[in-house]
Structure formats: C-alpha cells, structure tokens
$ cat structure.cif   # mmCIF, C-alpha atoms
data_coords
loop_
_atom_site.label_atom_id
_atom_site.label_comp_id
_atom_site.auth_asym_id
_atom_site.auth_seq_id
_atom_site.Cartn_x
_atom_site.Cartn_y
_atom_site.Cartn_z
CA MET A 1141 0.06 18.30 -25.54
CA ILE A 1142 1.25 16.46 -22.44
CA SER A 1143 4.81 15.18 -22.22
CA LYS A 1144 5.79 12.13 -24.25
CA ARG A 1145 7.07 10.51 -21.06
CA LEU A 1146 3.70 10.86 -19.33
CA GLN A 1147 1.77 9.83 -22.43
CA ALA A 1148 3.79 6.62 -22.66
CA SER A 1149 2.98 5.92 -19.02
CA LEU A 1150 -0.73 6.47 -19.59
CA ASP A 1151 -0.78 4.33 -22.73
CA GLY A 1152 0.80 1.42 -20.88
CA SER A 1153 -1.34 1.50 -17.75
CA VAL A 1154 -4.67 0.14 -16.63
CA CYS A 1155 -6.29 2.83 -14.49
CA ILE A 1156 -8.01 1.28 -11.48
CA ARG A 1157 -9.83 4.52 -10.78
CA ASP A 1158 -11.37 4.40 -14.25
CA ILE A 1159 -12.92 1.05 -13.31
CA PHE A 1160 -14.21 2.56 -10.08
CA GLU A 1161 -15.77 5.48 -11.95
CA GLU A 1162 -17.35 3.02 -14.40
CA GLY A 1163 -18.98 1.38 -11.40
CA LYS A 1164 -20.62 4.68 -10.49
CA LYS A 1165 -22.05 4.97 -14.01
CA LEU A 1166 -23.38 1.41 -13.90
CA ALA A 1167 -24.95 2.14 -10.51
CA SER A 1168 -26.80 5.12 -11.99
CA ILE A 1169 -28.22 2.82 -14.69
CA TYR A 1170 -28.96 -0.38 -12.77
CA GLY A 1171 -29.19 0.86 -9.18
CA GLN A 1172 -26.45 0.89 -6.55
CA GLU A 1173 -27.81 -2.26 -4.93
CA ASN A 1174 -27.25 -4.22 -8.15
CA ILE A 1175 -23.57 -3.32 -8.64
CA PHE A 1176 -20.79 -5.26 -6.90
CA ASN A 1177 -17.82 -2.90 -7.01
CA PHE A 1178 -14.66 -4.64 -5.78
CA SER A 1179 -12.32 -2.48 -7.83
CA ILE A 1180 -10.68 0.02 -5.47
CA GLY A 1181 -9.21 0.05 -1.98
CA ASN A 1182 -11.39 2.78 -0.51
CA PRO A 1183 -12.06 1.99 3.20
CA ASN A 1184 -15.70 1.46 4.08
CA VAL A 1185 -15.21 1.20 7.86
CA ALA A 1186 -15.86 4.44 9.74
CA PRO A 1187 -12.91 6.18 11.39
CA PRO A 1188 -12.62 5.66 15.16
CA ALA A 1189 -14.81 8.21 16.98
CA ILE A 1190 -11.71 9.73 18.56
CA VAL A 1191 -10.58 11.08 15.19
CA ASN A 1192 -13.45 13.53 14.72
CA GLU A 1193 -13.53 14.32 18.44
CA THR A 1194 -9.84 15.22 18.39
CA LEU A 1195 -10.10 17.31 15.24
CA LYS A 1196 -12.80 19.41 16.93
CA GLU A 1197 -10.68 19.73 20.07
CA VAL A 1198 -7.67 20.86 18.07
CA LEU A 1199 -9.71 23.46 16.19
CA ASP A 1200 -11.11 24.82 19.46
CA ARG A 1201 -7.82 24.73 21.35
CA GLU A 1202 -5.09 25.83 18.94
CA ASP A 1203 -4.37 29.37 17.84
CA PRO A 1204 -5.75 29.48 14.27
CA LEU A 1205 -2.85 31.44 12.84
CA THR A 1206 -0.39 28.90 14.21
CA LEU A 1207 -2.52 25.83 13.41
CA HIS A 1208 -3.20 26.83 9.82
CA GLY A 1209 0.18 28.43 9.18
CA TYR A 1210 3.26 26.77 7.72
CA PRO A 1211 4.82 24.17 10.01
CA ALA A 1212 8.36 23.00 9.40
CA ASN A 1213 8.69 21.04 6.15
CA VAL A 1214 9.41 17.90 8.17
CA GLY A 1215 6.38 18.38 10.42
CA HIS A 1216 5.42 19.62 13.89
CA PRO A 1217 8.12 18.70 16.45
CA ASP A 1218 5.62 17.52 19.08
CA VAL A 1219 3.92 15.22 16.55
CA ARG A 1220 7.23 13.75 15.38
CA GLN A 1221 8.31 13.09 18.96
CA CYS A 1222 4.94 11.51 19.71
CA ILE A 1223 5.32 9.11 16.77
CA ALA A 1224 8.92 8.28 17.69
CA ASP A 1225 7.86 7.48 21.27
CA TYR A 1226 4.94 5.34 20.06
CA LEU A 1227 7.09 3.34 17.65
CA ASN A 1228 9.85 2.84 20.21
CA GLN A 1229 7.39 1.54 22.78
CA ARG A 1230 5.52 -0.72 20.36
CA TYR A 1231 8.42 -2.11 18.31
CA HIS A 1232 11.39 -1.65 20.68
CA THR A 1233 13.16 0.61 18.20
CA ARG A 1234 15.46 3.64 18.62
CA TYR A 1235 13.79 6.39 16.64
CA THR A 1236 14.54 10.01 17.47
CA ILE A 1237 12.66 13.11 16.43
CA ASP A 1238 15.20 13.67 13.64
CA GLY A 1239 14.28 10.33 12.05
CA ILE A 1240 10.53 11.04 11.83
CA ILE A 1241 9.41 13.14 8.86
CA MET A 1242 5.73 13.87 8.32
CA THR A 1243 4.37 13.38 4.79
CA SER A 1244 1.16 13.73 2.82
CA GLY A 1245 0.47 10.00 3.08
CA ALA A 1246 2.56 7.06 1.89
CA ALA A 1247 2.30 7.92 -1.81
CA SER A 1248 4.05 11.25 -1.37
CA ALA A 1249 6.64 9.60 0.88
CA LEU A 1250 7.55 7.11 -1.86
CA ALA A 1251 7.79 9.88 -4.47
CA ILE A 1252 9.96 11.89 -2.08
CA LEU A 1253 12.31 8.95 -1.54
CA CYS A 1254 12.58 8.40 -5.30
CA ASN A 1255 13.54 12.04 -5.75
CA THR A 1256 16.03 11.76 -2.89
CA PHE A 1257 17.87 8.64 -4.04
CA LEU A 1258 17.51 8.19 -7.80
CA ASP A 1259 19.66 9.50 -10.60
CA GLN A 1260 18.74 8.75 -14.19
CA GLY A 1261 18.85 5.01 -14.86
CA ASP A 1262 19.04 3.99 -11.19
CA GLU A 1263 16.97 0.96 -10.27
CA VAL A 1264 14.38 0.03 -7.66
CA ILE A 1265 13.42 -3.61 -7.05
CA THR A 1266 10.01 -4.71 -5.84
CA PHE A 1267 8.09 -7.98 -5.67
CA ALA A 1268 5.41 -8.72 -8.26
CA PRO A 1269 2.49 -8.52 -7.80
CA TYR A 1270 2.99 -4.93 -6.59
CA PHE A 1271 1.04 -1.72 -6.12
CA TRP A 1272 0.74 -0.47 -9.68
CA GLU A 1273 1.83 3.13 -9.02
CA TYR A 1274 5.30 2.10 -7.84
CA LYS A 1275 6.32 2.18 -11.49
CA SER A 1276 5.05 5.73 -11.87
CA TYR A 1277 6.85 6.98 -8.77
CA VAL A 1278 10.14 5.50 -9.96
CA GLU A 1279 9.90 6.44 -13.63
CA THR A 1280 8.83 10.01 -12.89
CA MET A 1281 12.28 10.41 -11.34
CA TYR A 1282 13.83 8.75 -14.42
CA GLY A 1283 14.57 5.52 -12.60
CA LYS A 1284 13.68 1.95 -13.54
CA LEU A 1285 11.44 -0.42 -11.61
CA VAL A 1286 12.76 -4.00 -11.67
CA PRO A 1287 10.19 -6.62 -10.57
CA ALA A 1288 11.26 -9.78 -8.75
CA LEU A 1289 8.70 -12.54 -8.48
CA CYS A 1290 6.60 -14.04 -5.73
CA ASP A 1291 5.78 -17.74 -5.60
CA GLN A 1292 2.40 -18.10 -7.32
CA ASN A 1293 1.19 -20.64 -4.79
CA THR A 1294 2.18 -18.84 -1.59
CA LEU A 1295 2.65 -15.23 -2.77
CA GLN A 1296 5.87 -15.11 -0.73
CA PRO A 1297 9.00 -13.46 -2.23
CA ASP A 1298 11.07 -15.74 -4.46
CA PRO A 1299 14.73 -15.47 -3.35
CA ALA A 1300 16.23 -16.59 -6.68
CA THR A 1301 14.50 -13.97 -8.84
CA PHE A 1302 15.09 -11.36 -6.15
CA GLU A 1303 18.84 -11.89 -6.13
CA ALA A 1304 18.91 -11.95 -9.94
CA ALA A 1305 17.18 -8.56 -10.06
CA PHE A 1306 20.12 -6.70 -8.48
CA SER A 1307 22.69 -4.69 -10.38
CA PRO A 1308 25.25 -2.03 -9.46
CA LYS A 1309 22.48 0.52 -10.20
CA THR A 1310 20.14 -0.81 -7.51
CA ARG A 1311 19.42 1.93 -4.97
CA MET A 1312 16.26 0.80 -3.21
CA VAL A 1313 13.96 -2.17 -2.66
CA PHE A 1314 10.24 -1.52 -2.12
CA ILE A 1315 8.46 -4.10 0.01
CA ASN A 1316 4.77 -4.00 0.91
CA THR A 1317 3.40 -6.33 3.58
CA PRO A 1318 0.50 -6.85 4.14
CA ASN A 1319 0.41 -6.63 0.40
CA ASN A 1320 -1.66 -4.75 -2.11
CA PRO A 1321 -2.90 -6.43 -4.34
CA THR A 1322 -2.61 -9.94 -2.87
CA GLY A 1323 -3.40 -9.62 0.84
CA ALA A 1324 -0.30 -11.71 1.58
CA VAL A 1325 1.68 -11.15 4.77
CA TYR A 1326 5.36 -11.92 4.17
CA THR A 1327 6.65 -14.37 6.76
CA GLU A 1328 9.62 -13.82 9.02
CA ALA A 1329 11.52 -16.47 7.04
CA SER A 1330 10.86 -14.53 3.82
CA ILE A 1331 11.98 -11.24 5.40
CA LYS A 1332 15.17 -12.79 6.77
CA LYS A 1333 16.06 -14.11 3.32
CA VAL A 1334 15.42 -10.71 1.74
CA ALA A 1335 17.65 -9.06 4.36
CA GLU A 1336 20.40 -11.65 3.88
CA ILE A 1337 20.50 -11.07 0.12
CA MET A 1338 20.48 -7.30 0.52
CA GLU A 1339 23.33 -7.35 3.04
CA ARG A 1340 25.36 -9.41 0.61
CA LYS A 1341 24.61 -7.06 -2.28
CA GLU A 1342 25.51 -3.96 -0.25
CA LYS A 1343 28.93 -5.45 0.38
CA GLU A 1344 29.33 -6.57 -3.23
CA TYR A 1345 28.51 -3.14 -4.71
CA GLY A 1346 30.06 -1.05 -1.97
CA HIS A 1347 27.14 1.36 -1.53
CA PRO A 1348 23.97 1.46 0.58
CA ILE A 1349 20.82 -0.22 -0.75
CA TYR A 1350 17.81 1.02 1.17
CA LEU A 1351 14.91 -1.26 2.03
CA VAL A 1352 11.74 0.84 1.90
CA SER A 1353 8.96 -0.80 3.91
CA ASP A 1354 5.66 0.54 2.57
CA GLU A 1355 3.21 -0.06 5.45
CA PRO A 1356 -0.28 1.40 4.96
CA TYR A 1357 -1.80 -1.98 5.90
CA ARG A 1358 0.53 -2.87 8.79
CA LEU A 1359 -2.27 -3.06 11.38
CA LEU A 1360 -4.70 -4.84 9.05
CA ALA A 1361 -3.61 -8.42 9.73
CA TYR A 1362 -6.05 -11.11 10.81
CA GLY A 1363 -6.20 -14.04 13.19
CA GLY A 1364 -3.67 -12.54 15.59
CA LEU A 1365 -0.97 -12.72 12.91
CA THR A 1366 2.18 -10.71 13.63
CA VAL A 1367 3.62 -8.69 10.76
CA PRO A 1368 7.44 -8.65 11.00
CA TYR A 1369 8.82 -5.13 11.60
CA LEU A 1370 11.50 -4.81 8.96
CA PRO A 1371 13.99 -2.52 10.77
CA HIS A 1372 14.66 -5.46 13.11
CA TYR A 1373 16.03 -7.47 10.19
CA TYR A 1374 17.91 -4.98 8.00
CA LYS A 1375 19.81 -1.92 9.20
CA ASP A 1376 19.21 0.32 6.19
CA THR A 1377 15.41 0.16 6.40
CA ILE A 1378 13.24 3.22 5.85
CA VAL A 1379 9.61 2.82 6.96
CA VAL A 1380 6.85 4.58 5.04
CA TYR A 1381 3.51 4.75 6.84
CA SER A 1382 0.06 6.12 6.08
CA TYR A 1383 -2.95 6.54 8.37
CA SER A 1384 -5.33 6.22 5.40
CA LYS A 1385 -6.30 2.63 6.17
CA THR A 1386 -5.76 2.27 9.91
CA LEU A 1387 -7.81 5.40 10.65
CA SER A 1388 -9.98 5.27 7.48
CA ILE A 1389 -8.95 8.79 6.43
CA PRO A 1390 -7.50 8.34 2.91
CA GLY A 1391 -8.69 11.80 1.86
CA GLU A 1392 -6.78 13.53 4.64
CA ARG A 1393 -3.31 12.57 3.34
CA VAL A 1394 -1.14 12.17 6.41
CA GLY A 1395 1.67 9.73 7.12
CA TYR A 1396 5.38 9.66 7.84
CA ILE A 1397 8.86 8.45 6.93
CA ALA A 1398 10.74 6.80 9.82
CA MET A 1399 14.47 6.03 9.98
CA GLU A 1400 16.66 4.98 12.87
CA GLY A 1401 19.92 6.87 13.29
CA SER A 1402 21.90 3.81 12.21
CA VAL A 1403 20.63 4.06 8.61
CA ALA A 1404 23.53 4.70 6.22
CA ASP A 1405 24.31 8.39 5.60
CA PHE A 1406 21.48 9.32 7.99
CA ALA A 1407 22.04 13.09 8.21
CA ASN A 1408 22.46 13.52 4.47
CA VAL A 1409 19.40 11.38 3.74
CA VAL A 1410 17.28 13.49 6.13
CA ALA A 1411 18.54 16.65 4.42
CA GLY A 1412 17.73 15.18 1.00
CA ILE A 1413 14.23 14.16 2.05
CA THR A 1414 13.58 17.60 3.53
CA ALA A 1415 14.67 19.27 0.30
CA SER A 1416 12.61 16.84 -1.79
CA ILE A 1417 9.46 17.74 0.16
CA ARG A 1418 9.94 21.34 -1.01
CA TYR A 1419 11.18 20.61 -4.52
CA LEU A 1420 8.22 18.32 -5.30
CA GLY A 1421 5.77 20.92 -4.04
CA TYR A 1422 4.39 19.05 -1.02
CA VAL A 1423 5.67 21.84 1.30
CA ASN A 1424 4.44 20.00 4.42
CA ALA A 1425 1.94 17.40 5.58
CA PRO A 1426 -1.47 18.89 6.50
CA SER A 1427 -1.03 20.74 9.79
CA LEU A 1428 -4.44 19.93 11.30
CA GLN A 1429 -4.14 16.23 10.54
CA GLN A 1430 -0.68 16.14 12.11
CA LYS A 1431 -2.01 17.63 15.35
CA MET A 1432 -4.84 15.10 15.40
CA LEU A 1433 -2.24 12.33 15.67
CA LEU A 1434 -1.10 13.55 19.08
CA LYS A 1435 -4.18 11.87 20.50
CA CYS A 1436 -4.88 9.26 17.79
CA VAL A 1437 -1.41 7.81 17.16
CA ASP A 1438 -2.44 4.42 18.57
CA ALA A 1439 -6.08 4.37 17.38
CA THR A 1440 -7.30 1.88 14.75
CA VAL A 1441 -10.47 1.02 12.90
CA ASP A 1442 -12.40 -2.13 13.76
CA ILE A 1443 -10.60 -4.60 11.50
CA SER A 1444 -12.99 -7.42 12.43
CA ILE A 1445 -15.37 -5.91 9.86
CA TYR A 1446 -12.85 -6.54 7.09
CA GLU A 1447 -12.02 -9.97 8.47
CA LYS A 1448 -15.69 -10.94 8.37
CA ASN A 1449 -15.86 -9.90 4.70
CA ARG A 1450 -12.71 -11.85 3.92
CA ASP A 1451 -13.98 -15.02 5.55
CA LEU A 1452 -17.28 -14.98 3.69
CA LEU A 1453 -15.77 -14.07 0.34
CA TYR A 1454 -12.91 -16.58 0.46
CA LYS A 1455 -15.13 -19.49 1.55
CA SER A 1456 -17.88 -18.67 -0.93
CA LEU A 1457 -15.57 -18.24 -3.92
CA THR A 1458 -13.55 -21.38 -3.21
CA ASP A 1459 -16.77 -23.35 -2.62
CA ILE A 1460 -17.93 -22.25 -6.08
CA GLY A 1461 -14.66 -23.46 -7.57
CA TYR A 1462 -12.52 -20.34 -7.93
CA GLU A 1463 -8.82 -20.62 -7.11
CA CYS A 1464 -7.92 -18.02 -4.47
CA ILE A 1465 -4.85 -17.62 -2.30
CA HIS A 1466 -5.96 -17.08 1.30
CA PRO A 1467 -5.26 -13.46 2.27
CA ASP A 1468 -3.92 -12.82 5.76
CA GLY A 1469 -4.02 -9.02 5.71
CA ALA A 1470 -5.04 -5.78 4.00
CA PHE A 1471 -8.48 -6.01 2.32
CA TYR A 1472 -7.66 -7.68 -0.99
CA LEU A 1473 -8.11 -11.17 -2.34
CA PHE A 1474 -6.10 -12.38 -5.36
CA MET A 1475 -8.16 -14.77 -7.45
CA ARG A 1476 -7.06 -16.73 -10.51
CA SER A 1477 -8.76 -15.58 -13.71
CA LEU A 1478 -10.96 -18.12 -15.50
CA GLU A 1479 -9.21 -17.30 -18.76
CA PRO A 1480 -5.61 -16.34 -19.58
CA ASP A 1481 -6.52 -12.73 -20.43
CA ASP A 1482 -7.44 -11.32 -17.02
CA ALA A 1483 -8.61 -8.00 -18.51
CA LYS A 1484 -11.13 -9.83 -20.71
CA PHE A 1485 -12.24 -11.84 -17.68
CA CYS A 1486 -12.89 -8.58 -15.81
CA ASP A 1487 -14.85 -7.27 -18.79
CA ARG A 1488 -16.98 -10.39 -18.85
CA ALA A 1489 -17.56 -10.10 -15.10
CA LYS A 1490 -19.24 -6.75 -15.77
CA GLU A 1491 -22.07 -8.71 -17.44
CA GLU A 1492 -22.90 -9.85 -13.90
CA LYS A 1493 -22.32 -6.30 -12.56
CA ILE A 1494 -19.07 -7.38 -10.85
CA LEU A 1495 -16.17 -4.94 -11.03
CA MET A 1496 -12.65 -6.21 -10.28
CA ALA A 1497 -9.14 -5.08 -11.20
CA PRO A 1498 -7.04 -7.18 -13.62
CA GLY A 1499 -3.90 -8.65 -12.10
CA THR A 1500 -1.85 -7.50 -15.09
CA ALA A 1501 -2.16 -3.96 -13.76
CA PHE A 1502 -0.18 -5.12 -10.69
CA GLY A 1503 2.38 -7.29 -12.46
CA GLY A 1504 0.32 -10.40 -11.72
CA PRO A 1505 -1.12 -11.62 -15.05
CA GLY A 1506 -3.69 -14.40 -14.92
CA PHE A 1507 -5.19 -13.11 -11.66
CA VAL A 1508 -7.69 -10.48 -10.59
CA ARG A 1509 -7.78 -8.36 -7.45
CA VAL A 1510 -11.00 -8.39 -5.45
CA SER A 1511 -11.09 -5.49 -3.00
CA TYR A 1512 -13.46 -6.44 -0.20
CA CYS A 1513 -13.56 -3.14 1.70
CA VAL A 1514 -17.29 -2.96 0.95
CA PRO A 1515 -20.41 -3.41 3.10
CA TYR A 1516 -20.98 -7.00 4.22
CA ASP A 1517 -24.30 -7.18 2.42
CA VAL A 1518 -22.55 -6.37 -0.87
CA VAL A 1519 -20.36 -9.43 -0.40
CA GLN A 1520 -23.42 -11.53 0.44
CA ARG A 1521 -25.42 -10.37 -2.57
CA SER A 1522 -22.47 -10.77 -4.95
CA ILE A 1523 -22.08 -14.52 -4.40
CA PRO A 1524 -24.86 -15.58 -6.83
CA ALA A 1525 -23.34 -13.26 -9.45
CA PHE A 1526 -19.91 -14.88 -8.98
CA LYS A 1527 -21.61 -18.28 -9.35
CA ARG A 1528 -23.26 -17.25 -12.62
CA LEU A 1529 -19.93 -15.96 -13.92
CA TYR A 1530 -18.21 -19.22 -13.02
CA ASP A 1531 -20.93 -21.28 -14.72
CA LYS A 1532 -20.51 -19.33 -17.95
CA TYR A 1533 -16.93 -20.59 -18.17
CA LYS A 1534 -17.50 -24.13 -16.97
CA LYS A 1535 -20.53 -25.11 -19.04
#
$ encode --input "structure.cif" --output "structure tokens"
Amino acid sequence: MISKRLQASLDGSVCIRDIFEEGKKLASIYGQENIFNFSIGNPNVAPPAIVNETLKEVLDREDPLTLHGYPANVGHPDVRQCIADYLNQRYHTRYTIDGIIMTSGAASALAILCNTFLDQGDEVITFAPYFWEYKSYVETMYGKLVPALCDQNTLQPDPATFEAAFSPKTRMVFINTPNNPTGAVYTEASIKKVAEIMERKEKEYGHPIYLVSDEPYRLLAYGGLTVPYLPHYYKDTIVVYSYSKTLSIPGERVGYIAMEGSVADFANVVAGITASIRYLGYVNAPSLQQKMLLKCVDATVDISIYEKNRDLLYKSLTDIGYECIHPDGAFYLFMRSLEPDDAKFCDRAKEEKILMAPGTAFGGPGFVRVSYCVPYDVVQRSIPAFKRLYDKYKK
C-alpha cells in the first residue's frame, strides 16, 4: 500500500494528465482530427534550430567522460556564469556565479526550495488560481499551502486576501506570471503592492519571507507587453526558471534557481539548496542540456504562433457568447464554465470531443482552462464544436 499521506493527496486531486491520456484514447476511437485536446500545456512549437545544432556540437566537441560524468550538484561553472551574465545584461541585476544553481526544470527547483525552507506546519502563500502541483510540492515537505485570491474580473492579485493569508508561519510566497492557468500577466502596480505587503510582514514577524518567482512563461508575453522582473521590487526574491516553454524542451528538464547576493541569509540558503538537491535525489541537472545553454541562453521559440492561436480562440469564443478573461501571456485561456460544476461542464464538453481542464483543479472553481498550445488548424476546427456545446446550454 502507498502512504496514507500520498493517498489523501491523490484522492483530493484532479489529474490533468489523466485527461490528456483520455484524449489519446478518444483519438484512437474517433480519429485524431476529430479530437480537440486543450487539456495540457505541452508545447507544440518546434524548438529553435540552434538547440539541436548545439547539442550535436557539444556531443562532438566535449570529452564524453567529462560530459556524461557527474558535474557539481549546483551545475557546471561555465554555464552558471553564462546565465548570470545574461540575466545581468538583460535585467540590470547583480547575479554572481554563486547565486545561480542549475536544476532539473522549475518543478524540481520548487520542490528543492520547499525542502530547504519548510519545517512541519510552515506555510506558503500563492494566488488562486494557481498551478495545481504547488500544493503537492508544499505538502510533501509537510508544509501548508495558503491560497490568496485574484480578482475574478482582472485575474490580478487581491491585496486584501493576500495580506490576510499571512501568519508567523509564512516562509515563502509563490508567484507565477505569466500565469498558469489563467494567462494573466501581473501588472507592475500589482507587483509593487505584493512587495509592499511582504516588506511589512517581514518586519512584523522578524524573519525573512522569500518571494519565489516561478517563471517558465516569462518570455511568452504578447503584444510587446513587459513582464515585471520581481527582484527589482522585493529584495528577498528567488527566481525559478525553466527552459521547457521558451525552448520547447519540456522533456529535457533543465532550468535554474537565481538569487542575488542581497537575499537574506544568502550563503546558508545556497548551502541548503545544494544539500536539498542531493537529499531529494536530483543529484544534478542534466549535464548535456546544461552545456547546450552556453549557446542557447538567449534563444526562444516563435511565440507569434501561440499569439495567433490566442487571438483566434479568444475572439471566436467571446463571439459565441462565452465569458473569457483576455490572456496576455503563457498559452492558457481561462473561460467561465456554463454551469457551476466546472468538472461536469468538462465532462459534457467531451460529447463534442473537446477536452479542457476544470478550474477547480487550480483553485479557480466555476472556470475551465483551455490550453491553446495546439496546431492552428485544431483551434479552427474546434470552433463549431464550442458553438454546439454553448447551444446545448442556452436552448
């Protein structure tokens, strides 16, 4: 038998991947072209050509024993320095090699930070709707996730519920912008208010409260929109980054943790993170993928492909009559369910071969997440199905 703790977590969750796998089964029955699978955030845009080119170069150039051997737990020094230099040039920051720690993507980085900072009963605040596995990362380390709310009309953080969520046990705040599941980009005004409240709470409780900026979608913002870089607004910010979306390599599992030297208890935090990498069994980020970043650190996918999908989907759904909040980033659209039970709405959508994720899974009941990282023709062909679904409710 599995642990009671894990069983309770499974019983209380809605597994997005199960929906995705169900889509594969439906495709085998009805044909792939007749299934509109908007359930999971799996990039459909090809990686930049430089990624594969660089991987081949690295394999041909590097000594295989060194390349495939153990690097330092925190990553290859040349890669860490490369990332520090890139961030400092782009964001006018003061990262050093010591503040860059390579990780197996953003998910492992968040789990590592939970292991580093949380004792039993310690709390982590985030804004609902939120990435559903935050709860798992926190609770696996015997902590408690405390959701604050976002305004349902703007999907911006609500300052009142955020401040009310704090307690002396608060150790971290997770913030994700551009956001999964909503596609919202938190404004500079929202970030400043978050920072102001956190500074006040640090003084009130007399201990550091770390702002963890989870940024896998940082470069997926549309219309020339600038995403505020959180270390500029709050000193004790730790950035978590993944190349899964910006390079379309989610299966390669590479990212980093970045901290400026001014972060509270910097040396001890770095030591704790380094130990957590070993204790949790990650050992190190993939060596080959790290070396690839030396040449690809500033490469990105063609985000205009996602933007084109977003524009068609948002206009088509709102023209039909659906209530959607316009997404400014990532590749998700948050749409209001046509009935109070969003899970039942998603089940009924399957009658039209549409697969979506219920908002309840993300702490956003009454909504559904539509993940539009799919081929453009899938969006086009899905519109009549969305219209039929809408008509079923409105007749």
$ closest_atom_pairs --input "structure.cif" --of "stretch 1266-1360 of chain A" --to "stretch 1441-1452 of chain A" --cutoff "12 Å" --atoms "all atoms listed in the file" --output "CSV"
residue,atom,partner,partner_atom,distance
A:Gly1323,CA,A:Arg1450,CA,10.1
A:Tyr1357,CA,A:Ile1443,CA,10.8
A:Arg1358,CA,A:Ile1443,CA,11.6
A:Leu1359,CA,A:Ile1443,CA,8.5
A:Leu1360,CA,A:Ile1443,CA,6.4
$ closest_residue --input "structure.cif" --among "A:Ala1501, A:Cys1290, A:Leu1285, A:Ala1489" --to "A:Leu1258" --atoms "all atoms listed in the file"
A:Leu1285
$ resolve_selection --input "structure.cif" --expression "the PyMOL selection byres ((chain A and resi 1266-1268) around 12)" --output "number ranges by chain"
A: 1263-1265, 1269-1275, 1278, 1284-1292, 1295-1303, 1305-1306, 1310-1317, 1319-1322, 1324, 1326, 1330, 1334, 1350-1354, 1499-1505, 1507
$ atom_distance --input "structure.cif" --atom1 "atom CA of A:Val1519" --atom2 "atom CA of A:Asn1177"
9.6 Å
$ atom_distance --input "structure.cif" --atom1 "atom CA of A:Ala1212" --atom2 "atom CA of A:Ile1417"
10.7 Å
$ closest_residue --input "structure.cif" --among "A:Pro1498, A:Ile1397, A:Glu1463, A:Ile1331" --to "A:Tyr1373" --atoms "all atoms listed in the file"
A:Ile1331
$ closest_residue --input "structure.cif" --among "A:Tyr1396, A:Asp1468, A:Ser1384, A:Glu1339" --to "A:Gly1363" --atoms "all atoms listed in the file"
A:Asp1468
$ closest_residue --input "structure.cif" --among "A:Glu1392, A:Asp1262, A:Glu1161, A:Glu1197" --to "A:Phe1178" --atoms "only C-alpha atoms"
A:Glu1161
$ closest_residue --input "structure.cif" --among "A:Lys1333, A:Phe1406, A:Tyr1454, A:Phe1176" --to "A:Lys1164" --atoms "all atoms listed in the file"
A:Phe1176
$ atom_distance --input "structure.cif" --atom1 "atom CA of A:Ser1276" --atom2 "atom CA of A:Ser1149"
7.4 Å
$ resolve_selection --input "structure.cif" --expression "the PyMOL selection byres ((chain A and resi 1429-1440) around 8)" --output "PDB file with C-alpha atoms, in the coordinates of the input"
ATOM      1  CA  PRO A1187     -12.910   6.180  11.390  1.00  0.00           C
ATOM      2  CA  PRO A1188     -12.620   5.660  15.160  1.00  0.00           C
ATOM      3  CA  ILE A1190     -11.710   9.730  18.560  1.00  0.00           C
ATOM      4  CA  VAL A1191     -10.580  11.080  15.190  1.00  0.00           C
ATOM      5  CA  THR A1194      -9.840  15.220  18.390  1.00  0.00           C
ATOM      6  CA  LEU A1195     -10.100  17.310  15.240  1.00  0.00           C
ATOM      7  CA  VAL A1198      -7.670  20.860  18.070  1.00  0.00           C
ATOM      8  CA  GLY A1215       6.380  18.380  10.420  1.00  0.00           C
ATOM      9  CA  HIS A1216       5.420  19.620  13.890  1.00  0.00           C
ATOM     10  CA  ASP A1218       5.620  17.520  19.080  1.00  0.00           C
ATOM     11  CA  VAL A1219       3.920  15.220  16.550  1.00  0.00           C
ATOM     12  CA  CYS A1222       4.940  11.510  19.710  1.00  0.00           C
ATOM     13  CA  ILE A1223       5.320   9.110  16.770  1.00  0.00           C
ATOM     14  CA  TYR A1226       4.940   5.340  20.060  1.00  0.00           C
ATOM     15  CA  MET A1242       5.730  13.870   8.320  1.00  0.00           C
ATOM     16  CA  LEU A1359      -2.270  -3.060  11.380  1.00  0.00           C
ATOM     17  CA  THR A1386      -5.760   2.270   9.910  1.00  0.00           C
ATOM     18  CA  LEU A1387      -7.810   5.400  10.650  1.00  0.00           C
ATOM     19  CA  GLU A1392      -6.780  13.530   4.640  1.00  0.00           C
ATOM     20  CA  VAL A1394      -1.140  12.170   6.410  1.00  0.00           C
ATOM     21  CA  ALA A1425       1.940  17.400   5.580  1.00  0.00           C
ATOM     22  CA  PRO A1426      -1.470  18.890   6.500  1.00  0.00           C
ATOM     23  CA  SER A1427      -1.030  20.740   9.790  1.00  0.00           C
ATOM     24  CA  LEU A1428      -4.440  19.930  11.300  1.00  0.00           C
ATOM     25  CA  VAL A1441     -10.470   1.020  12.900  1.00  0.00           C
ATOM     26  CA  ASP A1442     -12.400  -2.130  13.760  1.00  0.00           C
ATOM     27  CA  ILE A1443     -10.600  -4.600  11.500  1.00  0.00           C
TER      28      ILE A1443
END
$ closest_atom_pairs --input "structure.cif" --of "stretch 1241-1275 of chain A" --to "stretch 1421-1424 of chain A" --cutoff "8 Å" --atoms "all atoms listed in the file" --output "CSV"
residue,atom,partner,partner_atom,distance
A:Met1242,CA,A:Asn1424,CA,7.4
A:Thr1243,CA,A:Asn1424,CA,6.6
A:Ser1244,CA,A:Asn1424,CA,7.3
A:Ser1248,CA,A:Tyr1422,CA,7.8
$ closest_residue --input "structure.cif" --among "A:Leu1457, A:Cys1486, A:Leu1205, A:Ile1523" --to "A:Val1508" --atoms "only C-alpha atoms"
A:Cys1486
$ resolve_selection --input "structure.cif" --expression "the PyMOL selection byres ((chain A and resi 1411) around 12)" --output "VMD selection string"
chain A and resid 1213 to 1214 1238 to 1239 1241 1252 to 1253 1256 to 1257 1405 to 1410 1412 to 1418
$ write_last_selection --input "structure.cif" --atoms "C-alpha atoms" --output "compact mmCIF listing (two decimals), keeping the file's coordinate frame"
# COMPACT_ATOMS: atom_id res chain seq x y z
CA ASN A 1213 8.69 21.04 6.15
CA VAL A 1214 9.41 17.90 8.17
CA ASP A 1238 15.20 13.67 13.64
CA GLY A 1239 14.28 10.33 12.05
CA ILE A 1241 9.41 13.14 8.86
CA ILE A 1252 9.96 11.89 -2.08
CA LEU A 1253 12.31 8.95 -1.54
CA THR A 1256 16.03 11.76 -2.89
CA PHE A 1257 17.87 8.64 -4.04
CA ASP A 1405 24.31 8.39 5.60
CA PHE A 1406 21.48 9.32 7.99
CA ALA A 1407 22.04 13.09 8.21
CA ASN A 1408 22.46 13.52 4.47
CA VAL A 1409 19.40 11.38 3.74
CA VAL A 1410 17.28 13.49 6.13
CA GLY A 1412 17.73 15.18 1.00
CA ILE A 1413 14.23 14.16 2.05
CA THR A 1414 13.58 17.60 3.53
CA ALA A 1415 14.67 19.27 0.30
CA SER A 1416 12.61 16.84 -1.79
CA ILE A 1417 9.46 17.74 0.16
CA ARG A 1418 9.94 21.34 -1.01
$ residues_around --input "structure.cif" --residues "A:His1372" --least-positions-apart "5" --cutoff "12 Å" --atoms "all atoms listed in the file" --output "PyMOL selection string"
chain A and resi 1228+1231-1234+1328+1331-1332+1335+1351+1353+1367+1377-1379+1399-1400+1402
$ residues_around --input "structure.cif" --residues "A:Phe1471" --least-positions-apart "3" --cutoff "6 Å" --atoms "only C-alpha atoms" --output "PDB file with C-alpha atoms, keeping the file's coordinate frame"
ATOM      1  CA  SER A1511     -11.090  -5.490  -3.000  1.00  0.00           C
ATOM      2  CA  TYR A1512     -13.460  -6.440  -0.200  1.00  0.00           C
ATOM      3  CA  CYS A1513     -13.560  -3.140   1.700  1.00  0.00           C
TER       4      CYS A1513
END
